[in-house]
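Enquirer: Below you'll find model.pdb; it's PDB, C-alpha atoms.
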```pdb
MODEL        1
ATOM      1  CA  MET W  41      64.310  92.181  72.693  1.00  0.00           C
ATOM      2  CA  ASP W  42      63.177  91.978  76.310  1.00  0.00           C
ATOM      3  CA  SER W  43      66.373  90.222  77.319  1.00  0.00           C
ATOM      4  CA  VAL W  44      68.506  92.964  75.713  1.00  0.00           C
ATOM      5  CA  GLY W  45      66.564  95.648  77.580  1.00  0.00           C
ATOM      6  CA  SER W  46      66.877  93.666  80.788  1.00  0.00           C
ATOM      7  CA  LEU W  47      70.615  93.311  80.288  1.00  0.00           C
ATOM      8  CA  ILE W  48      70.989  97.034  79.593  1.00  0.00           C
ATOM      9  CA  MET W  49      69.002  97.914  82.716  1.00  0.00           C
ATOM     10  CA  PHE W  50      71.121  95.560  84.810  1.00  0.00           C
ATOM     11  CA  ALA W  51      74.305  97.087  83.371  1.00  0.00           C
ATOM     12  CA  ILE W  52      73.077 100.591  84.242  1.00  0.00           C
ATOM     13  CA  LEU W  53      72.221  99.531  87.804  1.00  0.00           C
ATOM     14  CA  ALA W  54      75.510  97.678  88.270  1.00  0.00           C
ATOM     15  CA  LEU W  55      77.541 100.572  86.885  1.00  0.00           C
ATOM     16  CA  SER W  56      75.730 103.061  89.127  1.00  0.00           C
ATOM     17  CA  MET W  57      76.367 100.817  92.142  1.00  0.00           C
ATOM     18  CA  VAL W  58      80.085 100.687  91.363  1.00  0.00           C
ATOM     19  CA  VAL W  59      80.392 104.411  90.641  1.00  0.00           C
ATOM     20  CA  PHE W  60      78.446 105.560  93.708  1.00  0.00           C
ATOM     21  CA  SER W  61      80.275 103.068  95.951  1.00  0.00           C
ATOM     22  CA  VAL W  62      83.637 104.378  94.816  1.00  0.00           C
ATOM     23  CA  LEU W  63      82.455 107.974  95.227  1.00  0.00           C
ATOM     24  CA  ALA W  64      81.149 107.206  98.723  1.00  0.00           C
ATOM     25  CA  VAL W  65      84.531 106.027  99.942  1.00  0.00           C
ATOM     26  CA  THR W  66      86.688 108.564  98.097  1.00  0.00           C
ATOM     27  CA  THR W  67      84.889 111.841  98.779  1.00  0.00           C
ATOM     28  CA  ARG W  68      86.207 114.045 101.550  1.00  0.00           C
ATOM     29  CA  LYS W  69      82.824 115.533 102.470  1.00  0.00           C
ATOM     30  CA  ILE W  70      80.933 113.271 104.827  1.00  0.00           C
ATOM     31  CA  LEU W  71      77.400 114.322 103.824  1.00  0.00           C
ATOM     32  CA  ARG W  72      78.236 113.626 100.195  1.00  0.00           C
ATOM     33  CA  ALA W  73      79.492 110.191 101.232  1.00  0.00           C
ATOM     34  CA  ALA W  74      76.149 109.503 102.945  1.00  0.00           C
ATOM     35  CA  THR W  75      74.304 110.693  99.833  1.00  0.00           C
ATOM     36  CA  PHE W  76      76.396 108.448  97.581  1.00  0.00           C
ATOM     37  CA  LEU W  77      75.681 105.555  99.959  1.00  0.00           C
ATOM     38  CA  LEU W  78      71.974 106.316  99.584  1.00  0.00           C
ATOM     39  CA  PHE W  79      72.266 106.147  95.791  1.00  0.00           C
ATOM     40  CA  THR W  80      74.159 102.859  96.064  1.00  0.00           C
ATOM     41  CA  LEU W  81      71.414 101.383  98.247  1.00  0.00           C
ATOM     42  CA  PHE W  82      68.721 102.539  95.812  1.00  0.00           C
ATOM     43  CA  ALA W  83      70.595 100.890  92.931  1.00  0.00           C
ATOM     44  CA  THR W  84      70.828  97.707  94.996  1.00  0.00           C
ATOM     45  CA  ALA W  85      67.069  97.831  95.494  1.00  0.00           C
ATOM     46  CA  GLY W  86      66.729  98.248  91.737  1.00  0.00           C
ATOM     47  CA  VAL W  87      68.703  95.043  91.209  1.00  0.00           C
ATOM     48  CA  TYR W  88      66.394  93.248  93.655  1.00  0.00           C
ATOM     49  CA  PHE W  89      63.332  94.514  91.782  1.00  0.00           C
ATOM     50  CA  LYS W  90      64.958  93.471  88.510  1.00  0.00           C
ATOM     51  CA  LEU W  91      65.323  89.933  89.889  1.00  0.00           C
ATOM     52  CA  ASP W  92      61.617  89.960  90.875  1.00  0.00           C
ATOM     53  CA  TYR W  93      62.394  90.033  94.604  1.00  0.00           C
ATOM     54  CA  GLU W  94      59.825  92.690  95.423  1.00  0.00           C
ATOM     55  CA  PHE W  95      59.905  92.081  99.169  1.00  0.00           C
ATOM     56  CA  LEU W  96      63.689  92.311  99.388  1.00  0.00           C
ATOM     57  CA  GLY W  97      63.691  95.469  97.255  1.00  0.00           C
ATOM     58  CA  ALA W  98      61.051  97.071  99.462  1.00  0.00           C
ATOM     59  CA  VAL W  99      62.999  96.143 102.603  1.00  0.00           C
ATOM     60  CA  GLN W 100      66.168  97.554 101.035  1.00  0.00           C
ATOM     61  CA  ILE W 101      64.453 100.884 100.422  1.00  0.00           C
ATOM     62  CA  ALA W 102      62.549 101.056 103.711  1.00  0.00           C
ATOM     63  CA  VAL W 103      65.208  99.819 106.121  1.00  0.00           C
ATOM     64  CA  TYR W 104      68.545 100.656 104.561  1.00  0.00           C
ATOM     65  CA  ALA W 105      67.902 103.575 102.221  1.00  0.00           C
ATOM     66  CA  GLY W 106      65.228 105.029 104.474  1.00  0.00           C
ATOM     67  CA  GLY W 107      66.232 104.218 108.015  1.00  0.00           C
ATOM     68  CA  ILE W 108      69.944 103.592 108.157  1.00  0.00           C
ATOM     69  CA  VAL W 109      71.001 106.475 105.883  1.00  0.00           C
ATOM     70  CA  VAL W 110      68.743 108.865 107.813  1.00  0.00           C
ATOM     71  CA  LEU W 111      70.386 107.616 111.014  1.00  0.00           C
ATOM     72  CA  PHE W 112      73.826 108.224 109.466  1.00  0.00           C
ATOM     73  CA  VAL W 113      72.898 111.758 108.409  1.00  0.00           C
ATOM     74  CA  PHE W 114      71.371 112.457 111.825  1.00  0.00           C
ATOM     75  CA  SER W 115      74.536 111.315 113.602  1.00  0.00           C
ATOM     76  CA  ILE W 116      76.755 113.245 111.173  1.00  0.00           C
ATOM     77  CA  LEU W 117      74.837 116.455 111.782  1.00  0.00           C
ATOM     78  CA  LEU W 118      75.025 115.935 115.552  1.00  0.00           C
ATOM     79  CA  THR W 119      78.700 115.102 115.833  1.00  0.00           C
ATOM     80  CA  SER W 120      80.573 117.052 113.165  1.00  0.00           C
ATOM     81  CA  HIS W 121      80.563 120.080 110.947  1.00  0.00           C
ATOM     82  CA  PRO W 122      79.196 118.693 107.677  1.00  0.00           C
ATOM     83  CA  GLY W 123      80.611 121.431 105.448  1.00  0.00           C
ATOM     84  CA  ASP W 124      84.201 120.832 106.505  1.00  0.00           C
ATOM     85  CA  ASN W 125      86.546 118.751 104.444  1.00  0.00           C
ATOM     86  CA  SER W 126      88.124 115.819 106.183  1.00  0.00           C
ATOM     87  CA  GLU W 127      91.882 115.660 106.152  1.00  0.00           C
ATOM     88  CA  ARG W 128      93.541 113.540 103.528  1.00  0.00           C
ATOM     89  CA  LEU W 129      94.538 110.138 104.833  1.00  0.00           C
ATOM     90  CA  HIS W 130      98.151 109.118 104.409  1.00  0.00           C
ATOM     91  CA  SER W 131      99.133 105.513 104.704  1.00  0.00           C
ATOM     92  CA  ARG W 132     102.424 103.741 104.343  1.00  0.00           C
ATOM     93  CA  ARG W 133     100.621 100.471 103.694  1.00  0.00           C
ATOM     94  CA  ARG W 134      99.140 101.410 100.359  1.00  0.00           C
ATOM     95  CA  THR W 135     100.741  98.437  98.590  1.00  0.00           C
ATOM     96  CA  LEU W 136      99.366  96.052 101.224  1.00  0.00           C
ATOM     97  CA  GLY W 137      95.893  97.482 100.653  1.00  0.00           C
ATOM     98  CA  LEU W 138      96.292  97.122  96.896  1.00  0.00           C
ATOM     99  CA  VAL W 139      97.380  93.487  97.277  1.00  0.00           C
ATOM    100  CA  ALA W 140      94.405  92.797  99.577  1.00  0.00           C
ATOM    101  CA  ALA W 141      92.018  94.434  97.093  1.00  0.00           C
ATOM    102  CA  ILE W 142      93.368  92.358  94.204  1.00  0.00           C
ATOM    103  CA  ALA W 143      93.110  89.188  96.316  1.00  0.00           C
ATOM    104  CA  MET W 144      89.497  89.952  97.182  1.00  0.00           C
ATOM    105  CA  LEU W 145      88.752  90.689  93.527  1.00  0.00           C
ATOM    106  CA  ALA W 146      90.160  87.258  92.662  1.00  0.00           C
ATOM    107  CA  VAL W 147      87.999  85.606  95.348  1.00  0.00           C
ATOM    108  CA  VAL W 148      84.887  87.384  94.074  1.00  0.00           C
ATOM    109  CA  GLY W 149      85.745  86.434  90.498  1.00  0.00           C
ATOM    110  CA  CYS W 150      86.194  82.774  91.406  1.00  0.00           C
ATOM    111  CA  SER W 151      82.945  82.673  93.336  1.00  0.00           C
ATOM    112  CA  PHE W 152      81.165  84.396  90.443  1.00  0.00           C
ATOM    113  CA  ILE W 153      82.492  81.802  87.999  1.00  0.00           C
ATOM    114  CA  ASP W 154      81.417  78.970  90.341  1.00  0.00           C
ATOM    115  CA  ARG W 155      77.990  80.575  90.733  1.00  0.00           C
ATOM    116  CA  CYS W 156      77.534  80.805  86.972  1.00  0.00           C
ATOM    117  CA  GLU W 157      78.327  77.105  86.641  1.00  0.00           C
ATOM    118  CA  LEU W 158      75.763  76.349  89.347  1.00  0.00           C
ATOM    119  CA  LEU W 159      73.113  78.384  87.548  1.00  0.00           C
ATOM    120  CA  VAL W 160      73.392  76.183  84.493  1.00  0.00           C
ATOM    121  CA  LYS W 161      72.721  73.031  86.563  1.00  0.00           C
ATOM    122  CA  ALA W 162      70.275  74.481  89.118  1.00  0.00           C
ATOM    123  CA  PRO W 163      66.521  73.945  88.768  1.00  0.00           C
ATOM    124  CA  ALA W 164      64.228  76.909  88.317  1.00  0.00           C
ATOM    125  CA  MET W 165      63.289  78.664  91.548  1.00  0.00           C
ATOM    126  CA  THR W 166      59.819  79.809  92.475  1.00  0.00           C
ATOM    127  CA  ASN W 167      59.036  83.276  93.769  1.00  0.00           C
ATOM    128  CA  PRO W 168      57.240  82.966  97.152  1.00  0.00           C
ATOM    129  CA  ASP W 169      54.383  85.275  97.979  1.00  0.00           C
ATOM    130  CA  MET W 170      54.350  87.773 100.844  1.00  0.00           C
ATOM    131  CA  ALA W 171      52.426  85.521 103.240  1.00  0.00           C
ATOM    132  CA  VAL W 172      55.081  82.797 103.017  1.00  0.00           C
ATOM    133  CA  ILE W 173      57.903  85.323 103.533  1.00  0.00           C
ATOM    134  CA  GLY W 174      56.139  86.877 106.538  1.00  0.00           C
ATOM    135  CA  THR W 175      55.500  83.483 108.101  1.00  0.00           C
ATOM    136  CA  GLU W 176      59.117  82.427 107.626  1.00  0.00           C
ATOM    137  CA  LEU W 177      60.426  85.659 109.134  1.00  0.00           C
ATOM    138  CA  VAL W 178      58.399  85.965 112.322  1.00  0.00           C
ATOM    139  CA  ASP W 179      56.931  82.532 113.025  1.00  0.00           C
ATOM    140  CA  PRO W 180      58.019  81.549 116.561  1.00  0.00           C
ATOM    141  CA  ALA W 181      58.573  77.912 115.534  1.00  0.00           C
ATOM    142  CA  ALA W 182      62.078  76.479 115.723  1.00  0.00           C
ATOM    143  CA  GLY W 183      64.344  77.384 112.834  1.00  0.00           C
ATOM    144  CA  HIS W 184      62.595  80.638 111.977  1.00  0.00           C
ATOM    145  CA  TYR W 185      63.857  84.185 112.262  1.00  0.00           C
ATOM    146  CA  LEU W 186      61.911  85.742 115.130  1.00  0.00           C
ATOM    147  CA  LEU W 187      64.945  85.998 117.400  1.00  0.00           C
ATOM    148  CA  PRO W 188      67.221  87.800 114.859  1.00  0.00           C
ATOM    149  CA  PHE W 189      64.312  90.070 113.963  1.00  0.00           C
ATOM    150  CA  GLU W 190      63.879  91.031 117.619  1.00  0.00           C
ATOM    151  CA  ALA W 191      67.649  91.412 118.079  1.00  0.00           C
ATOM    152  CA  ILE W 192      67.793  93.864 115.195  1.00  0.00           C
ATOM    153  CA  SER W 193      64.885  95.848 116.650  1.00  0.00           C
ATOM    154  CA  VAL W 194      66.713  96.075 120.003  1.00  0.00           C
ATOM    155  CA  LEU W 195      69.883  97.182 118.185  1.00  0.00           C
ATOM    156  CA  LEU W 196      68.003  99.927 116.345  1.00  0.00           C
ATOM    157  CA  LEU W 197      66.402 101.028 119.624  1.00  0.00           C
ATOM    158  CA  ALA W 198      69.864 101.247 121.205  1.00  0.00           C
ATOM    159  CA  CYS W 199      71.034 103.398 118.273  1.00  0.00           C
ATOM    160  CA  ILE W 200      68.104 105.761 118.727  1.00  0.00           C
ATOM    161  CA  ILE W 201      68.719 106.036 122.465  1.00  0.00           C
ATOM    162  CA  GLY W 202      72.418 106.668 121.800  1.00  0.00           C
ATOM    163  CA  GLY W 203      71.514 109.448 119.370  1.00  0.00           C
ATOM    164  CA  VAL W 204      69.260 111.067 121.952  1.00  0.00           C
ATOM    165  CA  VAL W 205      71.993 110.838 124.617  1.00  0.00           C
ATOM    166  CA  VAL W 206      74.532 112.440 122.277  1.00  0.00           C
ATOM    167  CA  ALA W 207      72.041 115.177 121.367  1.00  0.00           C
ATOM    168  CA  ARG W 208      71.300 115.928 125.046  1.00  0.00           C
ATOM    169  CA  LYS W 209      74.966 116.497 125.850  1.00  0.00           C
ATOM    170  CA  ARG W 210      75.048 119.389 123.402  1.00  0.00           C
TER     171      ARG W 210
ENDMDL
END
```
I'd like the structure from this file rewritten - as structure tokens, please.
Expert:
Amino acid sequence: MDSVGSLIMFAILALSMVVFSVLAVTTRKILRAATFLLFTLFATAGVYFKLDYEFLGAVQIAVYAGGIVVLFVFSILLTSHPGDNSERLHSRRRTLGLVAAIAMLAVVGCSFIDRCELLVKAPAMTNPDMAVIGTELVDPAAGHYLLPFEAISVLLLACIIGGVVVARKR
């Protein structure tokens, strides 16, 4: 019974991710697009929690759903009129986009099929605790992730400074 409930919960999360992703890229109101992106990121965090990746789910909520979406909304409110509709995009390359989308769907399908075959043969994985994850992320030893972590913090600082500069010009 637990596996049926787990499958239903995964289906709900996956369906909400697909629906909110499509709504985020098809709406003509930019604040609604940011809100739909927020819902998509929350559903992604739900999938991480469902897979028992508590740390990754918490990072998804704190960094992406909390920080990045707030940064998007802040920049939208500073640079545009959020109540206005954007103009409808017209493209002569609609068939090329459709062909590219179908090709990418085929690539994702093939990789999903390969991944499912690997899951049958793969040994069971263990769930590391928070101390191991923290050590692996910021340990200054060779092969660890201190440098990318610092690079991301500098990038976020540059985004904040850019937002302040744009706000000062107005």
Enquirer: Using only C-alpha atoms, find the one residue out of W:Leu91, W:Ile116, W:Cys199, W:Leu55 that sits nearest to Arg72 of chain W.
Expert: W:Ile116
Enquirer: Under the rule that only C-alpha atoms are counted, which of W:Leu77, W:Ala141, W:Ile101, W:Asn167 is the nearest residue to Val65 of chain W?
Expert: W:Leu77
Enquirer: Using all atoms listed in the file, pick whichever of W:Ile173, W:Leu71, W:Leu118, W:Val103 has the shortest atom-to-atom distance to Val205 of chain W.
Expert: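 Counting all atoms listed in the file, the residue closest to Val205 of chain W is W:Leu118.
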Enquirer: For a test of reading the model, state the distance in Å between atom CA of Val194 of chain W and atom CA of Ser115 of chain W, rounded to one decimal.
Expert: 18.3 Å
Enquirer: Could you pull out every residue with an atom within 12 Å of (58.2, 95.2, 99.4), file coordinates, counting only C-alpha atoms, and send them as a ChimeraX atom specification?
Expert: /W:85-86,88-89,92-103,169-171,173-174
Enquirer: From the set W:Ala74, W:Val139, W:Leu81, W:Leu117, which residue has the shortest atom-to-atom contact distance to Ala54 of chain W, counting only C-alpha atoms?
Expert: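 Of W:Ala74, W:Val139, W:Leu81, W:Leu117, the one nearest Ala54 of chain W is W:Leu81, counting only C-alpha atoms.
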Enquirer: Set the distance at 7 Å and use all atoms listed in the file: which residues neighbour Val87 of chain W once local chain neighbours fewer than 3 positions away are removed? I'd like the list as a PyMOL selection string.
Expert: chain W and resi 50+53+83-84+90-91
Enquirer: Could you state the separation of atom CA of Leu138 of chain W and atom CA of Val59 of chain W in Å, given to one decimal place?
Expert: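 If I compute the distance from atom CA of Leu138 of chain W to atom CA of Val59 of chain W, I get 18.6 Å.
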Enquirer: Nearest residue to Phe79 of chain W out of W:Val58, W:Val204, W:Thr67, W:Ser151, using only C-alpha atoms?
Expert: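 Nearest to Phe79 of chain W: W:Val58.
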Enquirer: How many Å separate atom CA of Leu196 of chain W from atom CA of Val113 of chain W?
Expert: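 One can read the atom CA of Leu196 of chain W to atom CA of Val113 of chain W distance as 15.1 Å.
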Enquirer: Axis-aligned box over every listed atom of segment 95-104 of chain W, padded by 5 Å per side: centre and edges in Å to one decimal, as JSON?
Expert:
```
{"center_x": 64.2, "center_y": 96.6, "center_z": 101.7, "size_x": 18.6, "size_y": 19.0, "size_z": 18.9}
```
Enquirer: Determine, counting all atoms listed in the file, which protein, DNA and RNA residues have an atom within 12 Å of an atom of Val172 of chain W; residues of the same chain fewer than 6 positions away are not included. Present the result as an mmCIF file with C-alpha atoms, keeping the file's coordinate frame.
Expert:
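Written out: selection.cif:
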```
data_model
loop_
_atom_site.group_PDB
_atom_site.id
_atom_site.type_symbol
_atom_site.label_atom_id
_atom_site.label_comp_id
_atom_site.auth_asym_id
_atom_site.auth_seq_id
_atom_site.Cartn_x
_atom_site.Cartn_y
_atom_site.Cartn_z
ATOM 1 C CA PHE W 95 59.905 92.081 99.169
ATOM 2 C CA THR W 166 59.819 79.809 92.475
ATOM 3 C CA VAL W 178 58.399 85.965 112.322
ATOM 4 C CA ASP W 179 56.931 82.532 113.025
ATOM 5 C CA HIS W 184 62.595 80.638 111.977
#
```
Enquirer: Measuring atom to atom with all atoms listed in the file, identify which of W:Gly107, W:Phe189, W:His130, W:Leu78 is nearest to Glu176 of chain W.
Expert: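 Of W:Gly107, W:Phe189, W:His130, W:Leu78, the one nearest Glu176 of chain W, counting all atoms listed in the file, is W:Phe189.
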